[in-house]
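Note: the block below is start.txt and it holds compact mmCIF, C-alpha atoms and all ligand atoms.
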# COMPACT_ATOMS: atom_id res chain seq x y z
CA MET A 394 -32.21 23.05 43.05
CA ASP A 395 -34.65 22.29 45.86
CA PHE A 396 -33.66 21.45 49.43
CA LYS A 397 -33.93 17.65 49.07
CA GLU A 398 -31.80 17.57 45.91
CA GLN A 399 -29.18 19.78 47.54
CA LEU A 400 -29.13 17.62 50.66
CA THR A 401 -28.74 14.45 48.57
CA LEU A 402 -25.80 16.06 46.78
CA TYR A 403 -24.07 17.09 50.02
CA VAL A 404 -24.56 13.60 51.50
CA ALA A 405 -23.23 11.97 48.31
CA ARG A 406 -20.18 14.27 48.39
CA THR A 407 -19.62 13.26 52.01
CA GLU A 408 -19.85 9.53 51.19
CA SER A 409 -17.31 9.83 48.38
CA GLY A 410 -15.12 12.10 50.54
CA LEU A 411 -15.09 9.47 53.28
CA LYS A 412 -13.89 6.86 50.79
CA ALA A 413 -11.29 9.15 49.23
CA HIS A 414 -9.90 10.66 52.43
CA THR A 415 -9.64 7.66 54.78
CA PRO A 416 -7.35 4.61 54.47
CA ALA A 417 -8.66 1.77 52.26
CA PRO A 418 -10.06 -1.20 54.21
CA ASP A 419 -7.27 -3.50 52.97
CA THR A 420 -4.58 -1.21 54.42
CA ARG A 421 -2.44 -3.23 56.81
CA PRO A 422 -3.56 -4.16 59.44
CA ALA A 423 -6.79 -4.81 57.55
CA ARG A 424 -8.84 -5.63 60.65
CA LEU A 425 -8.31 -2.12 62.05
CA HIS A 426 -9.07 -0.39 58.77
CA GLU A 427 -12.10 -2.61 58.17
CA ALA A 428 -13.41 -1.60 61.60
CA MET A 429 -12.90 2.09 60.78
CA ARG A 430 -14.77 1.69 57.47
CA TYR A 431 -17.48 -0.41 59.11
CA THR A 432 -18.36 2.39 61.49
CA LEU A 433 -17.74 5.27 59.09
CA GLU A 434 -19.79 3.73 56.30
CA ALA A 435 -22.67 2.59 58.47
CA GLY A 436 -24.78 5.48 57.21
CA GLY A 437 -25.32 8.13 59.84
CA LYS A 438 -27.28 11.23 58.92
CA ARG A 439 -24.01 13.04 58.02
CA LEU A 440 -25.33 16.23 59.62
CA ARG A 441 -21.95 17.61 60.62
CA PRO A 442 -20.32 17.26 57.18
CA VAL A 443 -23.43 18.67 55.50
CA LEU A 444 -23.41 21.66 57.87
CA ALA A 445 -19.74 22.25 57.02
CA LEU A 446 -20.21 21.98 53.24
CA ALA A 447 -23.25 24.28 53.30
CA ALA A 448 -21.57 26.84 55.59
CA CYS A 449 -18.60 26.97 53.21
CA GLU A 450 -20.85 27.72 50.24
CA LEU A 451 -22.47 30.56 52.11
CA PHE A 452 -19.24 32.54 51.84
CA GLY A 453 -17.59 31.42 48.62
CA ALA A 454 -14.69 29.05 48.30
CA ARG A 455 -11.38 29.94 49.84
CA ALA A 456 -10.79 26.15 49.94
CA ASP A 457 -12.66 22.87 49.40
CA ALA A 458 -14.48 22.06 52.64
CA LEU A 459 -14.70 18.32 51.91
CA PRO A 460 -11.57 17.21 53.83
CA ALA A 461 -12.75 19.30 56.81
CA ALA A 462 -16.20 17.68 56.52
CA VAL A 463 -14.59 14.22 56.52
CA ALA A 464 -12.43 15.14 59.52
CA LEU A 465 -15.58 16.17 61.43
CA GLU A 466 -17.35 12.90 60.60
CA CYS A 467 -14.24 10.93 61.69
CA VAL A 468 -14.22 12.66 65.10
CA HIS A 469 -17.99 12.30 65.49
CA THR A 470 -17.86 8.59 64.56
CA TYR A 471 -14.95 7.94 66.94
CA SER A 472 -17.01 9.50 69.74
CA LEU A 473 -19.96 7.22 68.95
CA VAL A 474 -17.74 4.10 68.86
CA HIS A 475 -16.18 4.95 72.22
CA ASP A 476 -19.52 5.97 73.72
CA ASP A 477 -20.95 2.55 72.82
CA LEU A 478 -18.14 0.62 74.54
CA PRO A 479 -19.00 -1.52 77.58
CA CYS A 480 -17.06 0.87 79.86
CA MET A 481 -19.34 3.76 78.79
CA ASP A 482 -22.87 3.33 77.46
CA ASN A 483 -22.50 -0.39 76.67
CA ASP A 484 -24.73 -0.43 73.62
CA ASP A 485 -25.30 -3.15 71.03
CA LEU A 486 -26.83 -1.13 68.24
CA ARG A 487 -25.64 1.95 66.36
CA ARG A 488 -26.73 3.33 63.02
CA GLY A 489 -28.97 0.27 62.63
CA ARG A 490 -26.12 -2.24 62.91
CA PRO A 491 -24.23 -4.03 65.69
CA THR A 492 -21.85 -1.61 67.42
CA ALA A 493 -18.14 -1.84 66.53
CA HIS A 494 -17.18 -3.82 69.62
CA LYS A 495 -19.96 -6.32 68.85
CA ALA A 496 -19.08 -6.66 65.16
CA PHE A 497 -15.32 -6.85 65.93
CA ASP A 498 -14.15 -6.87 69.54
CA GLU A 499 -13.54 -4.31 72.26
CA ALA A 500 -9.85 -3.71 71.60
CA THR A 501 -10.41 -3.30 67.86
CA ALA A 502 -13.28 -0.86 68.46
CA LEU A 503 -11.16 1.16 70.87
CA LEU A 504 -8.27 1.33 68.40
CA ALA A 505 -10.56 2.12 65.46
CA GLY A 506 -11.91 5.08 67.48
CA ASP A 507 -8.38 6.22 68.35
CA ALA A 508 -7.39 5.91 64.70
CA MET A 509 -10.35 7.97 63.44
CA LEU A 510 -9.59 10.74 65.92
CA THR A 511 -5.92 10.84 64.96
CA HIS A 512 -6.72 10.57 61.27
CA ALA A 513 -8.92 13.67 61.42
CA PHE A 514 -6.00 15.90 62.42
CA HIS A 515 -3.63 14.23 59.95
CA LEU A 516 -6.16 14.86 57.21
CA LEU A 517 -6.56 18.56 58.07
CA SER A 518 -2.78 19.02 58.19
CA SER A 519 -2.20 17.32 54.85
CA ALA A 520 -5.22 18.49 52.84
CA TYR A 521 -4.82 22.22 53.63
CA ARG A 522 -1.02 22.41 53.82
CA SER A 523 -0.82 24.97 50.99
CA ASP A 524 -2.71 27.41 53.27
CA PRO A 525 -0.97 27.26 56.69
CA ALA A 526 -3.23 29.92 58.25
CA LEU A 527 -6.34 27.95 57.30
CA THR A 528 -4.78 24.66 58.49
CA ASN A 529 -3.97 26.27 61.81
CA ALA A 530 -7.48 27.69 62.22
CA LEU A 531 -9.12 24.34 61.35
CA VAL A 532 -6.89 22.31 63.68
CA LEU A 533 -7.47 24.83 66.47
CA GLU A 534 -11.23 24.70 66.00
CA LEU A 535 -11.50 20.90 65.87
CA GLY A 536 -8.95 20.43 68.66
CA ASP A 537 -10.97 22.76 70.86
CA ALA A 538 -14.35 21.17 70.04
CA ALA A 539 -13.11 17.59 70.49
CA GLY A 540 -10.96 18.25 73.54
CA SER A 541 -11.18 17.90 77.30
CA ARG A 542 -13.06 21.17 77.78
CA ARG A 543 -15.75 20.35 75.25
CA LEU A 544 -16.67 16.96 73.68
CA ILE A 545 -14.62 14.78 76.05
CA GLY A 546 -15.37 17.09 79.00
CA GLY A 547 -19.08 16.90 78.21
CA GLN A 548 -18.92 13.12 78.10
CA MET A 549 -17.05 13.02 81.43
CA ALA A 550 -19.61 15.34 83.04
CA ASP A 551 -22.37 13.14 81.63
CA LEU A 552 -20.84 10.02 83.19
CA LEU A 553 -20.38 11.82 86.51
CA GLY A 554 -23.98 13.09 86.30
CA GLU A 555 -25.28 9.53 85.98
CA ARG A 556 -23.82 8.81 89.41
CA GLN A 557 -25.49 11.88 90.91
CA LYS A 558 -29.06 11.76 92.16
CA ALA A 559 -30.19 14.96 90.44
CA PRO A 560 -27.90 17.06 88.27
CA SER A 561 -29.14 20.68 88.02
CA ALA A 562 -30.43 22.35 84.87
CA GLU A 563 -27.12 24.26 84.73
CA GLU A 564 -25.12 21.00 84.83
CA LEU A 565 -27.34 19.50 82.16
CA GLU A 566 -26.72 22.52 79.93
CA PHE A 567 -22.94 22.19 80.47
CA ILE A 568 -23.14 18.55 79.33
CA HIS A 569 -25.15 19.33 76.22
CA LEU A 570 -23.22 22.44 75.22
CA ASN A 571 -20.09 20.35 75.20
CA LYS A 572 -21.07 16.77 74.42
CA THR A 573 -23.43 17.71 71.60
CA ALA A 574 -23.26 21.38 70.60
CA ALA A 575 -19.44 21.68 70.39
CA MET A 576 -19.17 19.49 67.28
CA ILE A 577 -22.19 21.15 65.63
CA GLU A 578 -20.66 24.59 66.27
CA ALA A 579 -17.31 23.39 64.91
CA SER A 580 -18.98 22.02 61.78
CA LEU A 581 -20.43 25.41 60.86
CA VAL A 582 -17.29 27.32 61.85
CA MET A 583 -14.89 24.99 59.99
CA GLY A 584 -17.05 25.14 56.87
CA ALA A 585 -17.15 28.92 57.09
CA LEU A 586 -13.37 29.06 57.59
CA CYS A 587 -12.99 27.14 54.31
CA GLY A 588 -15.40 29.61 52.70
CA GLY A 589 -13.39 32.62 53.91
CA ALA A 590 -15.84 34.12 56.45
CA THR A 591 -14.80 37.16 58.49
CA PRO A 592 -14.26 36.86 62.29
CA VAL A 593 -17.64 38.53 62.96
CA GLN A 594 -19.39 36.10 60.61
CA LEU A 595 -17.61 33.16 62.25
CA GLU A 596 -18.87 34.22 65.68
CA ARG A 597 -22.40 34.60 64.35
CA LEU A 598 -22.25 31.06 62.95
CA ARG A 599 -20.81 29.79 66.21
CA SER A 600 -23.89 31.12 67.93
CA VAL A 601 -26.14 29.45 65.31
CA GLY A 602 -24.27 26.19 66.01
CA ARG A 603 -24.57 26.52 69.78
CA LEU A 604 -28.34 27.03 69.62
CA THR A 605 -28.81 24.34 66.97
CA GLY A 606 -26.70 21.91 69.01
CA LEU A 607 -28.72 22.49 72.15
CA ALA A 608 -31.97 22.04 70.22
CA PHE A 609 -30.51 18.86 68.69
CA GLN A 610 -29.91 17.40 72.14
CA VAL A 611 -33.38 18.32 73.43
CA ILE A 612 -34.84 16.52 70.39
CA ASP A 613 -32.52 13.57 71.12
CA ASP A 614 -33.97 13.38 74.63
CA ILE A 615 -37.51 13.59 73.23
CA LEU A 616 -36.84 10.84 70.66
CA ASP A 617 -35.42 8.58 73.36
CA VAL A 618 -38.89 8.43 74.89
CA THR A 619 -41.10 8.82 71.81
CA ALA A 620 -39.37 6.87 69.00
CA ASP A 621 -38.68 3.15 68.58
CA THR A 622 -35.35 1.36 68.24
CA ALA A 623 -35.87 0.46 64.57
CA THR A 624 -36.48 4.09 63.58
CA LEU A 625 -33.61 5.42 65.67
CA GLY A 626 -31.09 2.75 64.64
CA LYS A 627 -29.95 2.78 68.27
CA THR A 628 -31.55 1.54 71.47
CA ALA A 629 -34.59 3.65 72.37
CA GLY A 630 -35.75 4.26 75.95
CA LYS A 631 -32.27 4.09 77.46
CA ASP A 632 -32.53 7.40 79.35
CA LEU A 633 -35.79 6.38 80.92
CA ALA A 634 -34.52 2.90 81.82
CA SER A 635 -31.44 4.35 83.53
CA ASP A 636 -33.42 7.21 85.12
CA LYS A 637 -31.01 9.65 83.50
CA THR A 638 -31.53 13.38 83.97
CA THR A 639 -32.71 14.75 80.62
CA TYR A 640 -34.75 17.72 79.43
CA ILE A 641 -37.81 15.46 79.67
CA LYS A 642 -37.12 14.53 83.27
CA LEU A 643 -36.47 18.18 84.21
CA HIS A 644 -39.25 19.85 82.24
CA GLY A 645 -41.67 17.19 80.92
CA LEU A 646 -42.32 16.35 77.27
CA ASP A 647 -44.42 19.38 76.29
CA LYS A 648 -42.06 21.94 77.75
CA ALA A 649 -39.06 20.13 76.23
CA ARG A 650 -40.77 20.42 72.82
CA ARG A 651 -41.31 24.15 73.41
CA ILE A 652 -37.66 24.60 74.44
CA ALA A 653 -36.45 22.82 71.29
CA GLN A 654 -38.67 25.04 69.12
CA GLU A 655 -37.50 28.21 70.86
CA LEU A 656 -33.82 27.26 70.46
CA THR A 657 -34.38 26.45 66.78
CA ASP A 658 -36.16 29.78 66.21
CA ARG A 659 -33.30 31.66 67.86
CA ALA A 660 -30.75 29.79 65.72
CA LEU A 661 -32.72 30.71 62.57
CA SER A 662 -32.93 34.34 63.55
CA GLU A 663 -29.13 34.49 64.09
CA LEU A 664 -28.66 32.80 60.71
CA ARG A 665 -30.76 35.46 59.00
CA GLN A 666 -28.24 38.11 60.12
CA LEU A 667 -25.62 36.59 57.81
CA PRO A 668 -25.16 37.70 54.20
CA GLY A 669 -25.71 35.35 51.27
CA ASP A 670 -28.36 32.75 50.54
CA SER A 671 -28.77 30.79 53.76
CA SER A 672 -32.03 29.13 52.74
CA PHE A 673 -30.52 25.61 52.61
CA LEU A 674 -29.00 25.94 56.08
CA ALA A 675 -32.24 27.43 57.41
CA GLU A 676 -34.25 24.49 56.09
CA LEU A 677 -31.70 22.01 57.43
CA ILE A 678 -31.76 23.55 60.91
CA ALA A 679 -35.56 23.72 60.91
CA GLY A 680 -35.62 20.07 59.73
CA MET A 681 -33.22 19.04 62.50
CA GLY A 682 -35.82 20.45 64.88
CA ARG A 683 -38.47 18.19 63.34
CA ARG A 684 -36.31 15.08 62.91
CA VAL A 685 -37.64 11.63 63.76
CA SER A 686 -34.32 9.74 64.00
C1 LIG B 1 -16.64 9.15 73.89
C2 LIG B 1 -15.45 11.38 73.88
C3 LIG B 1 -16.68 10.62 73.77
C4 LIG B 1 -17.81 11.28 73.53
C5 LIG B 1 -19.10 10.63 73.30
C6 LIG B 1 -21.30 11.13 70.90
C7 LIG B 1 -21.28 11.02 72.37
C8 LIG B 1 -20.16 11.66 73.13
C9 LIG B 1 -22.23 10.32 73.00
C10 LIG B 1 -23.33 9.60 72.27
C11 LIG B 1 -24.61 9.82 72.95
C12 LIG B 1 -25.23 11.15 72.65
C13 LIG B 1 -26.67 11.30 72.96
C14 LIG B 1 -24.53 12.11 72.16
C15 LIG B 1 -25.04 13.43 71.87
C16 LIG B 1 -24.71 13.74 70.45
C17 LIG B 1 -25.55 12.93 69.57
C18 LIG B 1 -27.01 13.08 69.62
C19 LIG B 1 -24.94 12.11 68.76
C20 LIG B 1 -25.62 11.34 67.72
O1 LIG B 1 -25.53 12.14 66.56
P1 LIG B 1 -26.39 11.85 65.29
O2 LIG B 1 -27.81 11.66 65.67
O3 LIG B 1 -25.79 10.45 64.83
O4 LIG B 1 -26.09 12.92 64.29
P2 LIG B 1 -25.56 9.88 63.36
O5 LIG B 1 -25.40 8.39 63.57
O6 LIG B 1 -26.76 10.22 62.51
O7 LIG B 1 -24.30 10.50 62.85

Turn this file's structure into structure tokens for me.
Ligand code: GRG
Amino acid sequence: MDFKEQLTLYVARTESGLKAHTPAPDTRPARLHEAMRYTLEAGGKRLRPVLALAACELFGARADALPAAVALECVHTYSLVHDDLPCMDNDDLRRGRPTAHKAFDEATALLAGDAMLTHAFHLLSSAYRSDPALTNALVLELGDAAGSRRLIGGQMADLLGERQKAPSAEELEFIHLNKTAAMIEASLVMGALCGGATPVQLERLRSVGRLTGLAFQVIDDILDVTADTATLGKTAGKDLASDKTTYIKLHGLDKARRIAQELTDRALSELRQLPGDSSFLAELIAGMGRRVS
């Protein structure tokens, strides 16, 4: 199977997993569950679930990684819904559609985000209950990545940074390692946990995720200034308009491109140290470095 066919299969598995492992839209109260489905089914790139499913297959199959992949997408989607709220980034467009608070209302969007975050941990605890050690490891990993030291901490530091005149390169790295890379790291590690990877292999993948996540954010900064709103499915040019400190502002466009390439190359060289056929993951990570949306 070639890369594109494999990617299509992983995305299709994710879409059916999202339907199977989240409450139906007519679950009472329907408005809340419709809002969850609206944001979950809006068609993101599904990078985190695909990373998890592919990382699992690198090692075998201690357990099905699909519930873990769905849990990751639930946490990621909650973070987007909350990030778009008027009290944070105040955005109207996400994944090519009106943001949740525009399509519903602010309170419903807030609760839908809360519900997706909570659902992720419920799903991990129920889907893997026959393997308590695995459940524990997955909950620990996602709880760490989504918590106050990482995803939420990164978001807080980002908000604080916007109020500062000039955050340093070190502060910018803290924000990106946590706001962006934490969930990408967790995706690879949780997939590999489902596959039965050894502790050394898990740490190697963590490092692949860290480098890939940083590269992902540099590309995000580049796309904010080079791509248009229709292609991105979210408002382009926001960083520039708000004079936000980004890799572009710190280093300029050309150097930012070189940094993204260097991070991607380092991630690929770490990946090559792992056993098994990592060609799909390698192509995915290289493709993330070339993405246009
Ligand atoms: C509210 C706790 C909390 C966190 C918000 C996700 C986030 C943190 C902020 C959104 C803005 C941003 C630039 C985040 C960095 C991570 C990122 C690039 C997210 C978008 O991920 P994609 O491109 O989105 O994979 P899709 O829609 O394809 O899933």

Which residues form the shell of 8 Å around ligand LIG 1 (chain B) when you count all atoms listed in the file, given as number ranges by chain?
-> A: 436-441, 466, 469-477, 481, 487-488, 539, 544-549, 569, 572-574, 609-610, 613-614, 686

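We find CA of Ala500 in chain A and CA of Ala629 in chain A to be spaced 25.8 Å apart.
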
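The spacing separating CA of Val618 in chain A from CA of Thr657 in chain A amounts to 20.3 Å.
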
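Of the listed residues A:Lys412, A:Arg651, A:Lys637, A:His644, the one whose atoms come nearest to Leu459 in chain A is A:Lys412, with distances taken using all atoms listed in the file.
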
Write out as a VMD selection string the residues lying within 8 Å of Ala447 in chain A, counting only C-alpha atoms and excluding same-chain residues fewer than 2 positions away. chain A and resid 403 443 to 445 449 to 451 584 673 to 674

Q.
Just want the 12 Å neighbourhood of Ala493 in chain A, counted on only C-alpha atoms, with same-chain residues fewer than 3 positions away dropped. Output as a PyMOL selection string.
A. chain A and resi 424-425+427-435+470-479+483-490+496-506

Please put the answer as lines of an AutoDock Vina configuration file: centre and edge lengths, in Å with one decimal, of a box along x, y and z that encloses all listed atoms of range 652-662 of chain A plus 6 Å on each side.
center_x = -34.7
center_y = 28.6
center_z = 68.5
size_x = 19.9
size_y = 23.5
size_z = 23.9

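When all atoms listed in the file are used to compute distances to Cys467 in chain A, the closest of the residues A:Leu552, A:Ala679, A:Leu533, A:Met576 turns out to be A:Met576.
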
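Using all atoms listed in the file, the residues found no farther than 10 Å from Glu676 in chain A, other than those of its own chain fewer than 4 positions away, are Phe396, Lys397, Leu661, Ser671, Ser672, Gly680, Met681 and Gly682 of chain A.
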
Here CA of Val463 in chain A and CA of Leu411 in chain A stand apart by 5.8 Å

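Shortest atom-to-atom contact with Leu646 in chain A among A:Asp617, A:Asp395, A:Asp658, A:Glu566: A:Asp617, counting all atoms listed in the file.
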
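Distance annotation: of A:Asp647, A:Asp482, A:Glu564, A:Asp524, the residue with the minimal separation from Asp457 in chain A is A:Asp524; atom set is only C-alpha atoms.
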
Item to check | Shell around Ala653 in chain A at 7 Å using only C-alpha atoms, local window under 6 positions removed, as a list in words | outcome: Ala608, Val611, Ile612 and Gly682 of chain A

Can those selected residues be exported to a file as a tab-separated table (two decimals), in the coordinates of the input so that it contains C-alpha atoms?
chain	number	residue	atom	x	y	z
A	608	ALA	CA	-31.97	22.04	70.22
A	611	VAL	CA	-33.38	18.32	73.43
A	612	ILE	CA	-34.84	16.52	70.39
A	682	GLY	CA	-35.82	20.45	64.88

With distances taken over all atoms listed in the file, the candidate from A:Val404, A:Ala456, A:Ala417, A:Met509 nearest Arg522 in chain A is A:Ala456

Can you put N, CA, C and O atoms back into range 499-523 of chain A and show it as a compact mmCIF listing (two decimals), in the frame of the given file?
# COMPACT_ATOMS: atom_id res chain seq x y z
N GLU A 499 -13.72 -5.56 71.53
CA GLU A 499 -13.54 -4.31 72.26
C GLU A 499 -12.24 -3.59 71.91
O GLU A 499 -12.22 -2.38 71.69
N ALA A 500 -11.14 -4.35 71.87
CA ALA A 500 -9.85 -3.71 71.60
C ALA A 500 -9.82 -3.11 70.21
O ALA A 500 -9.33 -1.99 70.00
N THR A 501 -10.40 -3.82 69.24
CA THR A 501 -10.41 -3.30 67.86
C THR A 501 -11.27 -2.04 67.78
O THR A 501 -10.90 -1.06 67.12
N ALA A 502 -12.41 -2.05 68.47
CA ALA A 502 -13.28 -0.86 68.46
C ALA A 502 -12.58 0.33 69.09
O ALA A 502 -12.63 1.45 68.57
N LEU A 503 -11.88 0.08 70.19
CA LEU A 503 -11.16 1.16 70.87
C LEU A 503 -10.09 1.75 69.94
O LEU A 503 -9.99 2.97 69.77
N LEU A 504 -9.34 0.86 69.29
CA LEU A 504 -8.27 1.33 68.40
C LEU A 504 -8.83 2.00 67.15
O LEU A 504 -8.27 2.99 66.67
N ALA A 505 -9.95 1.49 66.64
CA ALA A 505 -10.56 2.12 65.46
C ALA A 505 -10.99 3.55 65.82
O ALA A 505 -10.82 4.49 65.03
N GLY A 506 -11.54 3.73 67.02
CA GLY A 506 -11.91 5.08 67.48
C GLY A 506 -10.67 5.97 67.59
O GLY A 506 -10.65 7.09 67.08
N ASP A 507 -9.64 5.46 68.23
CA ASP A 507 -8.38 6.22 68.35
C ASP A 507 -7.87 6.63 66.97
O ASP A 507 -7.43 7.75 66.75
N ALA A 508 -7.94 5.67 66.04
CA ALA A 508 -7.39 5.91 64.70
C ALA A 508 -8.19 6.97 63.96
O ALA A 508 -7.62 7.81 63.25
N MET A 509 -9.53 6.95 64.13
CA MET A 509 -10.35 7.97 63.44
C MET A 509 -10.07 9.36 63.99
O MET A 509 -10.01 10.34 63.24
N LEU A 510 -9.89 9.44 65.31
CA LEU A 510 -9.59 10.74 65.92
C LEU A 510 -8.25 11.28 65.41
O LEU A 510 -8.14 12.43 64.99
N THR A 511 -7.25 10.42 65.41
CA THR A 511 -5.92 10.84 64.96
C THR A 511 -5.94 11.18 63.47
O THR A 511 -5.33 12.17 63.03
N HIS A 512 -6.66 10.35 62.72
CA HIS A 512 -6.72 10.57 61.27
C HIS A 512 -7.30 11.95 60.94
O HIS A 512 -6.86 12.60 59.98
N ALA A 513 -8.28 12.39 61.71
CA ALA A 513 -8.92 13.67 61.42
C ALA A 513 -7.89 14.80 61.40
O ALA A 513 -7.89 15.65 60.49
N PHE A 514 -6.99 14.80 62.36
CA PHE A 514 -6.00 15.90 62.42
C PHE A 514 -4.92 15.73 61.36
O PHE A 514 -4.45 16.71 60.78
N HIS A 515 -4.58 14.49 61.05
CA HIS A 515 -3.63 14.23 59.95
C HIS A 515 -4.22 14.74 58.64
O HIS A 515 -3.54 15.40 57.84
N LEU A 516 -5.50 14.45 58.45
CA LEU A 516 -6.16 14.86 57.21
C LEU A 516 -6.18 16.39 57.06
O LEU A 516 -5.87 16.93 56.00
N LEU A 517 -6.54 17.09 58.15
CA LEU A 517 -6.56 18.56 58.07
C LEU A 517 -5.16 19.09 57.74
O LEU A 517 -5.01 19.98 56.90
N SER A 518 -4.15 18.52 58.39
CA SER A 518 -2.78 19.02 58.19
C SER A 518 -2.29 18.73 56.78
O SER A 518 -1.52 19.52 56.23
N SER A 519 -2.71 17.62 56.19
CA SER A 519 -2.20 17.32 54.85
C SER A 519 -3.05 17.99 53.77
O SER A 519 -2.52 18.56 52.83
N ALA A 520 -4.37 17.99 53.93
CA ALA A 520 -5.22 18.49 52.84
C ALA A 520 -5.11 20.01 52.66
O ALA A 520 -5.29 20.51 51.55
N TYR A 521 -4.84 20.74 53.74
CA TYR A 521 -4.82 22.22 53.63
C TYR A 521 -3.41 22.79 53.76
O TYR A 521 -3.25 23.96 54.07
N ARG A 522 -2.39 21.95 53.52
CA ARG A 522 -1.02 22.41 53.82
C ARG A 522 -0.58 23.60 52.97
O ARG A 522 0.31 24.33 53.37
N SER A 523 -1.22 23.82 51.81
CA SER A 523 -0.82 24.97 50.99
C SER A 523 -1.33 26.28 51.60
O SER A 523 -0.96 27.37 51.15
